[in-house]
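Source file protein_16.cif; content: mmCIF, C-alpha atoms.
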data_run
loop_
_atom_site.label_atom_id
_atom_site.label_comp_id
_atom_site.auth_asym_id
_atom_site.auth_seq_id
_atom_site.Cartn_x
_atom_site.Cartn_y
_atom_site.Cartn_z
CA MET A 1 -77.24 92.20 134.39
CA THR A 2 -73.69 93.51 134.76
CA CYS A 3 -71.24 93.40 137.68
CA GLU A 4 -70.88 97.17 137.79
CA GLY A 5 -70.77 98.30 141.41
CA TRP A 6 -70.31 94.78 142.79
CA PRO A 7 -67.74 94.60 145.64
CA LEU A 8 -64.19 93.66 144.71
CA LEU A 9 -62.37 90.64 146.10
CA GLU A 10 -59.84 91.15 148.86
CA GLU A 11 -56.38 89.68 149.23
CA LYS A 12 -57.00 87.86 152.47
CA ASN A 13 -56.89 84.31 153.73
CA ILE A 14 -60.30 83.41 152.27
CA PRO A 15 -60.52 81.61 148.91
CA PHE A 16 -61.86 83.74 146.09
CA TYR A 17 -64.76 81.38 145.40
CA VAL A 18 -65.87 81.76 149.04
CA GLN A 19 -65.68 85.54 148.75
CA ILE A 20 -67.78 85.45 145.58
CA TYR A 21 -70.31 83.18 147.30
CA ASP A 22 -70.50 85.63 150.21
CA ILE A 23 -70.97 88.63 147.90
CA VAL A 24 -73.86 87.06 146.02
CA PHE A 25 -75.39 85.64 149.20
CA ARG A 26 -75.25 89.06 150.89
CA MET A 27 -76.80 90.77 147.87
CA ILE A 28 -79.67 88.27 147.91
CA GLN A 29 -80.19 88.67 151.67
CA GLU A 30 -80.19 92.48 151.39
CA GLY A 31 -82.55 92.51 148.44
CA GLU A 32 -80.09 93.83 145.87
CA LEU A 33 -80.64 90.60 143.99
CA LYS A 34 -84.27 89.47 143.95
CA GLU A 35 -86.08 86.28 142.97
CA GLY A 36 -85.99 85.92 139.20
CA ASP A 37 -83.00 88.26 138.68
CA VAL A 38 -80.45 86.91 136.20
CA LEU A 39 -76.82 86.82 137.32
CA PRO A 40 -74.07 88.07 135.01
CA GLY A 41 -72.37 85.40 132.91
CA GLU A 42 -69.35 83.56 134.30
CA ASN A 43 -67.01 85.24 131.78
CA LEU A 44 -68.26 88.68 132.82
CA MET A 45 -67.79 87.92 136.52
CA ALA A 46 -64.34 86.46 135.90
CA SER A 47 -63.36 89.62 134.03
CA HIS A 48 -64.80 91.88 136.75
CA TRP A 49 -62.74 90.18 139.45
CA ASN A 50 -59.76 89.34 137.21
CA ILE A 51 -59.86 85.68 138.18
CA SER A 52 -60.32 82.40 136.34
CA ARG A 53 -63.73 81.30 135.12
CA ALA A 54 -63.21 78.02 137.01
CA THR A 55 -63.15 79.96 140.29
CA VAL A 56 -66.40 81.72 139.41
CA ARG A 57 -67.94 78.41 138.36
CA MET A 58 -67.07 76.88 141.75
CA ALA A 59 -68.82 79.73 143.59
CA VAL A 60 -71.86 79.46 141.32
CA ARG A 61 -71.99 75.73 141.89
CA LYS A 62 -71.94 76.18 145.68
CA LEU A 63 -74.72 78.79 145.50
CA GLU A 64 -76.76 76.39 143.37
CA GLU A 65 -76.17 73.49 145.77
CA ASP A 66 -77.45 75.61 148.65
CA GLY A 67 -80.58 76.63 146.74
CA PHE A 68 -79.90 80.36 146.32
CA ILE A 69 -79.74 80.22 142.53
CA TYR A 70 -80.73 77.77 139.83
CA LYS A 71 -79.02 77.23 136.51
CA MET A 72 -80.28 75.49 133.41
CA GLN A 73 -77.39 74.03 131.45
CA GLY A 74 -76.54 76.38 128.60
CA LYS A 75 -79.02 78.96 129.90
CA ARG A 76 -79.15 81.82 132.36
CA THR A 77 -78.35 81.64 136.06
CA THR A 78 -81.29 82.97 138.07
CA VAL A 79 -81.93 83.89 141.70
CA ALA A 80 -84.18 81.23 143.25
CA PRO A 81 -87.16 81.81 145.55
CA SER A 82 -86.36 82.17 149.22
CA VAL A 83 -86.23 78.90 151.14
CA SER A 84 -89.30 80.00 153.10
CA ARG A 85 -91.36 79.78 149.92
CA LEU A 86 -90.36 76.13 149.56
CA ASP A 87 -90.93 75.19 153.21
CA ASN A 88 -94.22 73.45 152.43
CA GLY A 89 -92.66 71.38 149.65
CA LEU A 90 -92.77 68.02 151.43
CA GLN A 91 -93.74 68.66 155.04
CA TRP A 92 -97.36 69.35 154.17
CA LEU A 93 -99.73 67.55 151.86
CA SER A 94 -99.60 69.49 148.62
CA ASN A 95 -98.60 69.00 145.00
CA PRO A 96 -94.76 69.03 144.83
CA CYS A 97 -94.80 69.75 141.08
CA ILE A 98 -96.14 73.20 141.94
CA ASN A 99 -94.98 74.05 145.44
CA SER A 100 -91.36 72.88 145.20
CA CYS A 101 -90.53 74.39 141.81
CA VAL A 102 -87.89 77.14 141.88
CA ALA A 103 -89.96 79.12 139.35
CA SER A 104 -93.67 79.84 139.10
CA ILE A 105 -95.79 77.26 137.29
CA THR A 106 -97.60 79.23 134.60
CA ARG A 107 -99.56 76.50 132.84
CA ILE A 108 -100.96 73.05 133.64
CA SER A 109 -102.48 70.56 131.20
CA ALA A 110 -104.42 67.48 132.31
CA ARG A 111 -106.21 64.56 130.67
CA ALA A 112 -107.95 61.50 132.13
CA GLN A 113 -109.12 58.03 131.27
CA LEU A 114 -110.53 54.86 132.77
CA GLN A 115 -108.57 51.62 132.55
CA GLN A 116 -108.02 48.30 134.28
CA SER A 117 -105.61 48.44 137.19
CA GLY A 118 -102.43 46.40 137.39
CA GLU A 119 -101.42 44.36 140.43
CA TYR A 120 -98.91 46.92 141.72
CA VAL A 121 -101.34 49.85 141.73
CA ALA A 122 -104.10 47.63 143.13
CA LYS A 123 -101.84 46.75 146.06
CA GLN A 124 -100.90 50.39 146.65
CA LEU A 125 -104.58 51.30 146.84
CA GLY A 126 -105.40 48.46 149.23
CA HIS A 127 -107.02 46.09 146.73
CA HIS A 128 -104.74 43.10 147.25
CA ASN A 129 -105.07 40.60 144.42
CA LYS A 130 -108.21 42.41 143.26
CA LYS A 131 -107.94 44.34 140.04
CA PHE A 132 -110.43 47.14 139.49
CA VAL A 133 -111.36 49.94 137.10
CA MET A 134 -109.24 52.94 137.92
CA GLY A 135 -109.29 56.58 136.92
CA THR A 136 -105.97 58.13 135.89
CA ILE A 137 -105.18 61.82 135.49
CA ASP A 138 -101.98 62.56 133.57
CA THR A 139 -100.73 66.09 134.14
CA ASP A 140 -97.92 68.26 132.76
CA TYR A 141 -96.59 71.40 134.45
CA PHE A 142 -94.93 74.31 132.65
CA SER A 143 -92.96 77.42 133.55
CA GLY A 144 -93.17 79.55 130.45
CA ASP A 145 -92.40 77.23 127.54
CA GLU A 146 -90.43 74.75 129.68
CA ARG A 147 -92.05 71.56 130.98
CA THR A 148 -90.83 71.27 134.56
CA ALA A 149 -92.69 68.14 135.68
CA SER A 150 -95.27 65.48 134.91
CA SER A 151 -97.47 63.45 137.22
CA VAL A 152 -100.10 60.75 137.27
CA CYS A 153 -102.86 60.45 139.88
CA ILE A 154 -104.60 57.07 140.07
CA PHE A 155 -107.73 56.28 142.07
CA HIS A 156 -110.65 53.84 142.18
CA SER A 157 -113.31 54.82 139.65
CA ASN A 158 -115.90 55.13 142.43
CA MET A 159 -114.10 58.32 143.52
CA LEU A 160 -115.47 60.03 140.39
CA GLU A 161 -118.86 60.20 142.08
CA THR A 162 -117.38 61.15 145.45
CA TRP A 163 -115.50 64.07 143.86
CA ASN A 164 -118.29 64.88 141.39
CA LEU A 165 -115.65 64.64 138.70
CA SER A 166 -116.08 64.37 134.93
CA LEU A 167 -113.15 62.97 132.92
CA ASP A 168 -113.94 65.45 130.13
CA ASP A 169 -113.70 68.55 132.34
CA GLU A 170 -110.04 69.62 132.25
CA GLU A 171 -110.49 72.43 134.76
CA ALA A 172 -112.04 69.99 137.24
CA LEU A 173 -109.20 67.52 136.58
CA LYS A 174 -106.61 70.20 137.34
CA GLU A 175 -108.47 71.21 140.50
CA THR A 176 -108.47 67.57 141.61
CA VAL A 177 -104.73 66.92 141.12
CA THR A 178 -103.58 70.28 142.48
CA LYS A 179 -105.90 70.65 145.48
CA LYS A 180 -108.86 68.31 146.03
CA VAL A 181 -106.97 65.02 146.38
CA TYR A 182 -104.61 66.54 148.99
CA GLN A 183 -107.44 68.18 150.91
CA ALA A 184 -109.11 64.77 151.19
CA ALA A 185 -105.97 63.13 152.62
CA LYS A 186 -104.80 63.12 156.23
CA ARG A 187 -101.29 61.82 155.61
CA SER A 188 -99.26 59.98 153.00
CA ARG A 189 -96.48 57.47 152.36
CA LEU A 190 -93.85 58.91 150.05
CA SER A 191 -90.67 57.52 148.51
CA LEU A 192 -88.12 59.37 146.40
CA ASN A 193 -85.60 58.26 143.79
CA VAL A 194 -83.31 60.03 141.33
CA MET A 195 -82.82 58.67 137.84
CA SER A 196 -80.74 59.60 134.84
CA ALA A 197 -82.61 61.36 132.06
CA GLU A 198 -81.47 58.54 129.79
CA ASP A 199 -83.38 55.91 131.80
CA GLY A 200 -86.56 56.01 129.73
CA SER A 201 -88.43 53.13 131.29
CA GLN A 202 -92.21 52.81 131.29
CA GLU A 203 -93.51 53.62 134.75
CA ALA A 204 -96.55 52.45 136.71
CA GLY A 205 -99.63 54.22 135.48
CA GLY A 206 -98.45 54.34 131.88
CA MET A 207 -96.40 57.55 132.15
CA PRO A 208 -93.18 57.28 130.09
CA GLU A 209 -90.23 59.35 131.28
CA GLU A 210 -89.55 60.48 127.70
CA ARG A 211 -92.01 63.31 128.32
CA LEU A 212 -89.37 65.05 130.41
CA LYS A 213 -86.31 64.20 128.35
CA ASN A 214 -84.19 66.92 126.80
CA PRO A 215 -80.47 67.22 126.00
CA GLU A 216 -79.80 69.65 128.85
CA GLN A 217 -81.49 67.73 131.62
CA GLN A 218 -79.27 66.41 134.39
CA GLY A 219 -81.68 64.02 136.08
CA ILE A 220 -85.24 63.18 137.02
CA ILE A 221 -86.54 63.17 140.59
CA VAL A 222 -89.15 60.41 140.84
CA MET A 223 -91.61 60.42 143.73
CA GLU A 224 -94.25 57.82 144.55
CA GLU A 225 -96.95 58.75 147.04
CA VAL A 226 -99.96 56.98 148.47
CA LEU A 227 -102.43 59.48 149.93
CA LEU A 228 -104.27 58.16 152.96
CA GLY A 229 -107.60 59.32 154.39
CA GLU A 230 -109.48 58.54 157.58
CA ASN A 231 -108.42 55.27 159.24
CA SER A 232 -105.42 55.26 156.87
CA GLU A 233 -107.45 53.99 153.92
CA PRO A 234 -105.74 54.73 150.56
CA ILE A 235 -107.39 57.47 148.54
CA ALA A 236 -105.04 57.84 145.58
CA TYR A 237 -101.70 56.72 144.24
CA CYS A 238 -99.64 59.55 142.77
CA LYS A 239 -96.37 59.51 140.89
CA TYR A 240 -94.34 62.59 140.02
CA TRP A 241 -91.51 63.05 137.54
CA LEU A 242 -89.62 66.27 138.34
CA ASN A 243 -86.93 67.80 136.14
CA GLY A 244 -83.98 67.99 138.55
CA ASN A 245 -82.97 71.42 137.22
CA TRP A 246 -86.20 72.99 138.42
CA TYR A 247 -86.82 71.55 141.91
CA ARG A 248 -85.49 72.13 145.45
CA PHE A 249 -86.89 70.81 148.73
CA ALA A 250 -86.72 72.13 152.28
CA LEU A 251 -87.26 69.66 155.13
CA ASP A 252 -87.29 69.87 158.91
CA ARG A 253 -85.67 66.88 160.63
CA LYS A 254 -85.89 65.92 164.29
CA SER A 255 -83.80 63.87 166.63
CA MET A 256 -84.94 60.30 167.27
CA MET A 257 -84.05 60.72 170.95
#
Could I get this structure in the form of structure tokens?
Amino acid sequence: MTCEGWPLLEEKNIPFYVQIYDIVFRMIQEGELKEGDVLPGENLMASHWNISRATVRMAVRKLEEDGFIYKMQGKRTTVAPSVSRLDNGLQWLSNPCINSCVASITRISARAQLQQSGEYVAKQLGHHNKKFVMGTIDTDYFSGDERTASSVCIFHSNMLETWNLSLDDEEALKETVTKKVYQAAKRSRLSLNVMSAEDGSQEAGGMPEERLKNPEQQGIIVMEEVLLGENSEPIAYCKYWLNGNWYRFALDRKSMM
């Protein structure tokens, strides 16, 4: 994309980076720039407006912070989905690896196994001091060739019969981790943390963070969630590792008064 026909900056008491922000914001709101459109490079925009690249970079950064665009380091800057598309990211029970991604998830891979639970997972699933055989579904999510996220879903092995689930049926595994487990839940307990991509520790459930590492990644959003059914009994323990370049969240907050 070029800047041909884009409005010029005006000599008025508004910083140039704010004017650039407003131009791009207005073009997105009016549909001149649509989801998935690639913005011109910073050098091209700087040349078009005859300003420094640092000024353009500041405007781009502000647009990215506010969720209107997303930028992979060393790659193209792209118009993000409208905030309304991300409204169900955390308010409603759904898979955040899919619903909160700024791009469409085009491929999912899943694999499962049975193993002995550890004390931490046993406690999360309500089996205090009682280890048990658990099912785990490890899942990777892709947009094109890029892995955007990974997750693990852990549950008591007796849920295999409840869900009529075979560990060898990948399509059924994907259906379980993207829909079925959330449809079975009434609410959840969720915590969120942000970690450096260099922090490659082994996480609960056996999912190493190295699966998301790459030289251009700025950080990993780590979510832990316990899905609760009727009478608040735990159904599943889920953990998500989200590439921070690919995810935005919209939340509604209310007064405590």
Worksheet item: What's the 12 Å shell around A:Glu65, counting all atoms listed in the file, without same-chain residues fewer than 6 positions away, as a count of residues only?
Response: 10
Discussion item. I'd like the neighbourhood of stretch 151-167 of chain A as a VMD selection string, where a residue qualifies if any of its atoms comes within 9 Å (using all atoms listed in the file), though same-chain residues fewer than 3 positions away should be ignored.
Written reply: chain A and resid 97 111 to 114 117 121 125 132 to 141 170 172 to 173 176 to 177 180 to 181 205 to 207 234 to 242
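Counting all atoms listed in the file, A:Gly41 has the following residues at most 8 Å away, ignoring those fewer than 3 positions along the same chain: Leu44, Met45, Arg76 and Thr77 of chain A.
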Worksheet item: When the PyMOL selection byres ((chain A and resi 35) around 7) is applied to the file above, which residues end up in the set, as a PyMOL selection string?
Response: chain A and resi 34+36-37+79-81
Practice prompt. To one decimal in Å, tell me the separation between atom CA of A:Lys186 and atom CA of A:Asn99.
Written response: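 If I compute the distance from atom CA of A:Lys186 to atom CA of A:Asn99, I get 18.2 Å.
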Worksheet item: If you measure from atom CA of A:Val102 to atom CA of A:Leu251, what distance in Å do you get, rounded to one decimal?
Response: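 Atom CA of A:Val102 sits 15.2 Å away from atom CA of A:Leu251.
The gap separating atom CA of A:Leu9 from atom CA of A:Ser52 is 12.9 Å, in Å to one decimal.
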Worksheet entry | Picked residues, the PyMOL selection byres ((chain A and resi 252) around 10), expected as a list in words | Asp87, Leu90, Gln91, Ala250, Leu251, Arg253 and Lys254 of chain A
Discussion item. Can you spell out as a list in words the set of residues that the PyMOL selection byres ((chain A and resi 49) around 10) selects in the structure I just provided?
Written reply: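 With the shown file as input, the PyMOL selection byres ((chain A and resi 49) around 10) matches Cys3, Trp6, Pro7, Leu8, Leu9, Glu10, Phe16, Ile20, Leu44, Met45, Ala46, Ser47, His48, Asn50, Ile51, Ser52, Arg53 and Val56 of chain A.
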Worksheet item: What's the 9 Å shell around A:Gly144, counting all atoms listed in the file, without same-chain residues fewer than 6 positions away, as number ranges by chain?
Response: A: 104-107
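Nearest to A:Lys62 of all the residues A:Gln19, A:Gln115, A:Asn43, A:Ser109 is A:Gln19, based on all atoms listed in the file.
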Worksheet item: Could you tell me, as number ranges by chain, which residues have any atom at most 10 Å from (-76.6, 87.4, 144.3), counting only C-alpha atoms?
Response: A: 6, 20-35, 37-40, 60, 63, 68-69, 78-80
